[in-house]
Every structure is written in C-alpha cells, then in structure tokens.
Amino acid sequence: MVLAVGMLLSLPYWLFQILRHGKYRSGFAARMGRVPARLAETASPTQRVIWVHAVSVGEVLAVSGLVEEMHRHWPDHRVLVTTTTDTGQELARKRFGEENVFYFPMDFAFAIRPYLRALQPDLVVLAETEFWPNFLHLAHASGARIAVVNARISDRSWPSYRRFRWALRRMLVHVDLFLAQTREDSARLQSIGADAGRVQVTGNLKFDVNLPSPPAIVESLRRSLAAEGAGPVLVCGSTVEDEEAPLLKAFENLRVAHPRAVMILAPRRPERFDEVAILLQQLGMPSHRRSRWAGESLAGGVLLMDSIGELAALYALADIAFVGGSLVPRGGHNIIEPAQHGVAIVTGNHTENFRDIVALFQSRDAVRIVSLAELPLTLMQLLADDAERRALGRRAEETMRLQTGATSRTLAALQALVAEGDPVAVSAQAAHSD
C-alpha cells in the first residue's frame, strides 16, 4: 500500500517530465500498459519468455552478447528486451528486432500487469540496478524468477541506498539472484538487504561487448581524412553540459601546432545537439553536423555527431579519445569502447560511476586522468609523443582483453533459474551431473 501511494504521489513528476522535457513521450501508451500488438502477433504459444530490461544505450550494449548467448543456448525461449530511454529503444530495435523490443512500463500496477499476463515470463533479467518496487513485487508474484545482472552500486548512488535500505530490503527479497560486477558491489548489495546466498560476482559484461560492424560513416570519414591529409583526430565522446566549451578551447590550442587537426564531437544527449551546434557557431569554429555532412573538408574543424549508435565505431578513427561526463561532476562514462580499438584514452577526474574500470586501467597505466586545467597540456603532450601515445593505446587494449569472460559466467549462473520449472532442462542437468 505504501508503495502504491508513493507511486501515485509521484505521478505529477512523470507528467512534468513528459510535458516539459518530452521525456517518456515516445511509446507513452506502451509505458502505461498497452501491450504492443506486434508482441502478440509474433508470439508462439509453445515459446517460453525471458524478459531482459536494459535502461539505455550503455545497458543495451552490455547485454547484447548475453542476449545472443541466450538465443544460442535456449532456442525454445523468446528473449524480449525493454528499455526506458528513446535512444536505448532505437539501438535495441536495431540489435534485436522491433518485434522483440518495447518500452518498459511505468512502475504502476495497472501498467505492469497487462505485460505479465500477456508475456508470462519465466525469467526476468534486470541490467545493473533497476529496482522498481511494484515491478519486482508483481513479477515475483506472477511466478517469474528475477535476476539482476551486471549489478553495481555507484559511489553517487551509494549514500541514497544506505539511507533508504529499510525500504530496499523489502524490495530485494523478490530478487532470486544478484550477479555483481565486483566484490565491492557484492558487499554493498548485501549491506542494503540482498541475501548473501543470492549474490555472486561474475564481472562486468561491458568488457565482453563485441565491436559492431562499423556504420558507413566510419569508412566515409576514413577516406575523406586520408584524401585531404587531415589529422590528428580527437574523438570526444559522451560529452555533457559545460564540457564542450573547454574541449573546444583545448582544440583551438592544438590547432596552433596541428592546423589540420580534426575533432569529432559526440554529445551524450540528443536533446543537446542543437545547443552544441549553436555553441560552435558562437565560437566561430569551422564545423559540420554529421546529418548534413556531404564529404566537405574537415581539416582544422569539428564534426558534430548528431546521431545515435555510431560513437563506439568512430573511436577507431581517433589518435586520442576523450570520454566525457568526467570534467564536471557527472560521474563519468565508460572508457571500454575506445579501449577496444587500442586508442589512447583521456578522461576527467570525475569518474565515480565507473570507479573500478577506471582504477583498473589506471593501475596498468592505460588511461590518462586529468583535471580541467590539465586537459590542454596532456592532449598536446600525447600528440607530440607518438611512441607513448601508441603505447598507451596498446596497454588499454591489453587491459580490456584480460577482463573478458563475464558473459559466460553470467549465462552459467542464469542457467539454474531457467532450468527451474522446466522439466526437460532439469532432467538434462541431472543427466549431465550423473
């Protein structure tokens, strides 16, 4: 009852987000409990369902390999994926097919129940720390097993979780299995109410993300840059408000020694594309928007990426990759994507949301961590020292390679939950044990 009242009281907040910022407007009917017809039209009465929830782009990328392995190991199951954000939804539909992807319902009983009745999932898999009280309660009551994979509790979230652990304990009893990224995440989960017997450490799925086939823009840019002798290339990814201005100032300094340098600038949020385009105009910076670029020269200028899902592949073009959300106190973003390409990585010193990953790379001298004041000099030093810049990239790639394996460990841990309630699987497991 308390949870229901709380969600009802929060309804004005959700309406404000929809009307003021346009958040959650896409798929509003689906979010409010209208099951998309395509889910029923493509359903098979004999197929069992696994429901995977990945909030946004980062979580979709993280679970991609796991979803592929689910298809391969459990062909009698249909794997459906939900997201909360529009960007996550777009990427998930590309990866898993529109007929298998829909928006996660709002955490109201009237919105959740239609999905549970229509899908009757055997297993619900939540990526990272999506603790929705009504959803957890109703999914558990429906008979579904519930697992949280790639579970982590960031430094930013940790104080709030401790403050409200009395409420979290009541929610977490509905979760059958927690698969944590690190021992510290495991300890934090247990301290807020997760049963120690239900917590395992399986590693970070993001280390197992396979590089996608590069979009056509990557080869187009590669040819254009080579033809005009443009470079070096600085890719600034996942930038947030108050970061673009100092990055562009640093780029201006770089152009003194490297007049044909190129910056590829990818803001984190699509709603900021126009804002950053205006900033570029105000600074008088030569620039093109990716959506309008038709092969014009980029030497000495900026390409503004006003697109979704292309950044990971674009890091392959970089001499240096800067990963944003880190020059200002926003917790940072994932440095794994440029590491996969063996690129020299620079990030700011606000990386609390990825503390373990950044600490690992730092321990192997595989990343440069800078303050706002140190950024310009660090970029200039790396561009002046080809040998060290390339060695930094090689160390990042090697660090990445040594951390793989979380997907197979996660799949093995989930196998027991999938087998429960499946007589065939149980028999097969018993036979294998014999």
# chains A, B, ... in the order shown; residues from 1 in each chain; ligands from 1
>>> select_by_dssp(residues="range 246-387 of chain A", states="alpha helix (DSSP H)", output="ChimeraX atom specification")
/A:246-257,273-282,311-314,336-340,355-363,375-384,386-387
>>> select_by_dssp(residues="range 65-229 of chain A", states="strand (DSSP E or B)", output="list in words")
His77, Arg78, Val79, Leu80, Val81, Thr82, Thr83, Val101, Phe102, Tyr103, Leu123, Val124, Val125, Leu126, Ala127, Arg145, Ile146, Ala147, Val148, Val149, Asn150, Ala151, Leu177, Phe178, Leu179, Ala180, Val199, Gln200 and Val201 of chain A
>>> closest_residue(among="A:Ile308, A:Val256, A:Ala261, A:Ala299", to="Leu91 in chain A", atoms="only C-alpha atoms")
A:Ile308
>>> residues_around(residues="Val370 in chain A", least_positions_apart="5", cutoff="12 Å", atoms="only C-alpha atoms", output="number ranges by chain")
A: 322-324, 326-328, 345-351, 362, 375-379
>>> atom_distance(atom1="CA of Val79 in chain A", atom2="CA of Val52 in chain A")
7.1 Å
>>> atom_distance(atom1="CA of Arg48 in chain A", atom2="CA of Asp195 in chain A")
27.7 Å
>>> residues_around(residues="range 82-87 of chain A", least_positions_apart="3", cutoff="12 Å", atoms="only C-alpha atoms", output="CSV table (one decimal) with N, CA and C atoms, in the first residue's frame")
chain,number,residue,atom,x,y,z
A,22,GLY,N,9.7,16.4,-22.7
A,22,GLY,CA,9.5,15.4,-23.7
A,22,GLY,C,9.9,14.0,-23.4
A,23,LYS,N,10.4,13.8,-22.1
A,23,LYS,CA,10.9,12.5,-21.7
A,23,LYS,C,9.7,11.6,-21.6
A,24,TYR,N,9.9,10.3,-22.0
A,24,TYR,CA,8.9,9.3,-21.9
A,24,TYR,C,7.7,9.5,-22.8
A,25,ARG,N,7.8,10.5,-23.7
A,25,ARG,CA,6.6,10.7,-24.6
A,25,ARG,C,6.5,9.6,-25.6
A,26,SER,N,7.6,9.2,-26.2
A,26,SER,CA,7.6,8.1,-27.1
A,26,SER,C,7.1,6.9,-26.4
A,27,GLY,N,6.2,6.2,-27.1
A,27,GLY,CA,5.7,4.9,-26.5
A,27,GLY,C,4.9,5.1,-25.3
A,28,PHE,N,4.3,6.3,-25.2
A,28,PHE,CA,3.6,6.6,-23.9
A,28,PHE,C,2.5,5.5,-23.6
A,30,ALA,N,2.4,2.4,-24.5
A,30,ALA,CA,3.0,1.2,-24.1
A,30,ALA,C,3.6,1.3,-22.7
A,31,ARG,N,4.1,2.4,-22.3
A,31,ARG,CA,4.6,2.6,-21.0
A,31,ARG,C,3.5,2.6,-19.9
A,39,LEU,N,3.9,-7.7,-30.3
A,39,LEU,CA,4.4,-8.8,-29.4
A,39,LEU,C,3.5,-10.0,-29.5
A,50,ILE,N,11.8,-15.0,-21.8
A,50,ILE,CA,12.8,-14.3,-21.0
A,50,ILE,C,12.7,-12.8,-21.2
A,51,TRP,N,12.5,-12.0,-20.2
A,51,TRP,CA,12.3,-10.6,-20.3
A,51,TRP,C,13.6,-9.9,-19.8
A,52,VAL,N,14.3,-9.2,-20.7
A,52,VAL,CA,15.5,-8.5,-20.3
A,52,VAL,C,15.3,-7.0,-20.3
A,53,HIS,N,15.6,-6.4,-19.2
A,53,HIS,CA,15.4,-4.9,-19.2
A,53,HIS,C,16.8,-4.2,-19.1
A,54,ALA,N,17.0,-3.4,-20.1
A,54,ALA,CA,18.2,-2.6,-20.2
A,54,ALA,C,17.8,-1.1,-20.4
A,55,VAL,N,18.2,-0.3,-19.4
A,55,VAL,CA,17.6,1.1,-19.4
A,55,VAL,C,17.9,1.9,-20.6
A,56,SER,N,19.2,2.0,-21.0
A,56,SER,CA,19.5,2.9,-22.1
A,56,SER,C,20.6,2.3,-22.9
A,57,VAL,N,21.3,3.1,-23.7
A,57,VAL,CA,22.3,2.6,-24.7
A,57,VAL,C,23.4,1.8,-24.0
A,58,GLY,N,23.9,2.3,-22.9
A,58,GLY,CA,25.0,1.5,-22.3
A,58,GLY,C,24.6,0.2,-21.8
A,59,GLU,N,23.4,0.0,-21.3
A,59,GLU,CA,22.9,-1.3,-20.8
A,59,GLU,C,22.6,-2.2,-22.0
A,60,VAL,N,22.0,-1.6,-23.0
A,60,VAL,CA,21.7,-2.4,-24.2
A,60,VAL,C,23.0,-3.0,-24.8
A,61,LEU,N,24.0,-2.2,-24.9
A,61,LEU,CA,25.3,-2.7,-25.4
A,61,LEU,C,25.9,-3.8,-24.4
A,63,VAL,N,24.3,-5.9,-22.5
A,63,VAL,CA,23.6,-7.2,-22.5
A,63,VAL,C,23.5,-7.8,-23.9
A,79,VAL,N,13.4,-14.2,-26.3
A,79,VAL,CA,14.0,-13.2,-25.5
A,79,VAL,C,13.5,-11.8,-25.9
A,90,GLU,N,15.9,2.7,-29.6
A,90,GLU,CA,16.3,2.7,-31.0
A,90,GLU,C,17.4,1.7,-31.3
A,91,LEU,N,18.4,1.7,-30.4
A,91,LEU,CA,19.5,0.8,-30.6
A,91,LEU,C,19.0,-0.7,-30.4
A,92,ALA,N,18.2,-0.9,-29.4
A,92,ALA,CA,17.7,-2.3,-29.1
A,92,ALA,C,16.9,-2.8,-30.3
A,93,ARG,N,16.1,-2.0,-30.9
A,93,ARG,CA,15.3,-2.4,-32.1
A,93,ARG,C,16.3,-2.8,-33.2
A,94,LYS,N,17.3,-2.1,-33.4
A,94,LYS,CA,18.3,-2.4,-34.4
A,94,LYS,C,19.0,-3.7,-34.1
A,96,PHE,N,18.0,-6.3,-31.8
A,96,PHE,CA,17.3,-7.5,-31.5
A,96,PHE,C,16.0,-7.6,-32.3
A,97,GLY,N,15.7,-6.7,-33.2
A,97,GLY,CA,14.5,-6.7,-34.0
A,97,GLY,C,13.3,-6.0,-33.3
A,98,GLU,N,12.6,-5.2,-34.0
A,98,GLU,CA,11.5,-4.4,-33.5
A,98,GLU,C,10.4,-5.3,-32.8
A,99,GLU,N,10.2,-6.5,-33.3
A,99,GLU,CA,9.2,-7.4,-32.8
A,99,GLU,C,9.5,-7.9,-31.4
A,100,ASN,N,10.8,-7.7,-31.0
A,100,ASN,CA,11.2,-8.3,-29.7
A,100,ASN,C,11.6,-7.2,-28.7
A,101,VAL,N,11.2,-5.9,-29.0
A,101,VAL,CA,11.7,-4.8,-28.2
A,101,VAL,C,10.5,-3.9,-27.9
A,102,PHE,N,10.3,-3.4,-26.6
A,102,PHE,CA,9.3,-2.5,-26.3
A,102,PHE,C,9.7,-1.7,-25.1
A,103,TYR,N,8.9,-0.6,-24.8
A,103,TYR,CA,9.3,0.3,-23.7
A,103,TYR,C,8.9,-0.4,-22.4
A,104,PHE,N,9.7,-0.2,-21.4
A,104,PHE,CA,9.5,-0.7,-20.0
A,104,PHE,C,8.3,0.0,-19.4
A,105,PRO,N,7.3,-0.7,-18.9
A,105,PRO,CA,6.1,0.0,-18.3
A,105,PRO,C,6.5,0.9,-17.1
A,106,MET,N,5.7,1.9,-16.9
A,106,MET,CA,5.9,2.8,-15.7
A,106,MET,C,5.6,1.9,-14.5
A,107,ASP,N,6.1,2.2,-13.3
A,107,ASP,CA,6.0,1.4,-12.2
A,107,ASP,C,4.7,1.5,-11.4
A,115,TYR,N,1.4,-6.7,-19.1
A,115,TYR,CA,2.6,-7.3,-19.7
A,115,TYR,C,2.8,-8.7,-19.1
A,124,VAL,N,13.0,-12.9,-15.5
A,124,VAL,CA,13.1,-11.5,-15.8
A,124,VAL,C,14.6,-11.2,-15.4
A,125,VAL,N,15.3,-10.5,-16.3
A,125,VAL,CA,16.7,-10.1,-16.1
A,125,VAL,C,16.8,-8.6,-16.2
A,126,LEU,N,17.2,-8.0,-15.1
A,126,LEU,CA,17.4,-6.6,-15.0
A,126,LEU,C,18.9,-6.2,-15.0
A,127,ALA,N,19.2,-5.3,-15.9
A,127,ALA,CA,20.6,-4.9,-16.0
A,127,ALA,C,21.0,-3.8,-15.0
A,130,GLU,N,18.2,-1.7,-11.5
A,130,GLU,CA,16.9,-1.2,-11.8
A,130,GLU,C,15.9,-1.8,-10.7
A,268,ARG,N,26.4,13.6,-25.3
A,268,ARG,CA,25.8,12.4,-24.7
A,268,ARG,C,24.3,12.3,-25.0
A,269,ARG,N,23.6,13.5,-24.9
A,269,ARG,CA,22.1,13.5,-25.0
A,269,ARG,C,21.7,14.1,-26.4
A,270,PRO,N,20.8,13.5,-27.1
A,270,PRO,CA,20.4,14.0,-28.4
A,270,PRO,C,19.7,15.4,-28.3
A,271,GLU,N,19.1,15.7,-27.1
A,271,GLU,CA,18.4,16.9,-27.0
A,271,GLU,C,19.4,18.1,-26.9
A,307,SER,N,23.9,12.0,-34.1
A,307,SER,CA,23.3,10.7,-34.4
A,307,SER,C,23.4,9.8,-33.2
A,308,ILE,N,22.8,8.7,-33.3
A,308,ILE,CA,22.8,7.7,-32.2
A,308,ILE,C,23.4,6.4,-32.6
A,309,GLY,N,24.2,5.8,-31.8
A,309,GLY,CA,24.8,4.5,-32.0
A,309,GLY,C,26.0,4.4,-32.9
A,310,GLU,N,26.6,5.5,-33.2
A,310,GLU,CA,27.8,5.4,-34.1
A,310,GLU,C,29.1,5.7,-33.4
>>> closest_residue(among="A:Leu211, A:Trp158, A:Ala406, A:Ala312", to="Ala187 in chain A", atoms="only C-alpha atoms")
A:Trp158
>>> atom_distance(atom1="CA of Gln282 in chain A", atom2="CA of Pro232 in chain A")
24.1 Å
>>> closest_residue(among="A:Val233, A:Phe207, A:Glu219, A:Ala412", to="Thr399 in chain A", atoms="only C-alpha atoms")
A:Phe207
>>> residues_around(residues="Thr182 in chain A", least_positions_apart="3", cutoff="8 Å", atoms="only C-alpha atoms", output="MDAnalysis selection string")
chainID A and resid 152 185:186 201:204 356
>>> residues_around(residues="Gly193 in chain A", least_positions_apart="5", cutoff="7 Å", atoms="only C-alpha atoms", output="PyMOL selection string")
chain A and resi 165+168-169+172
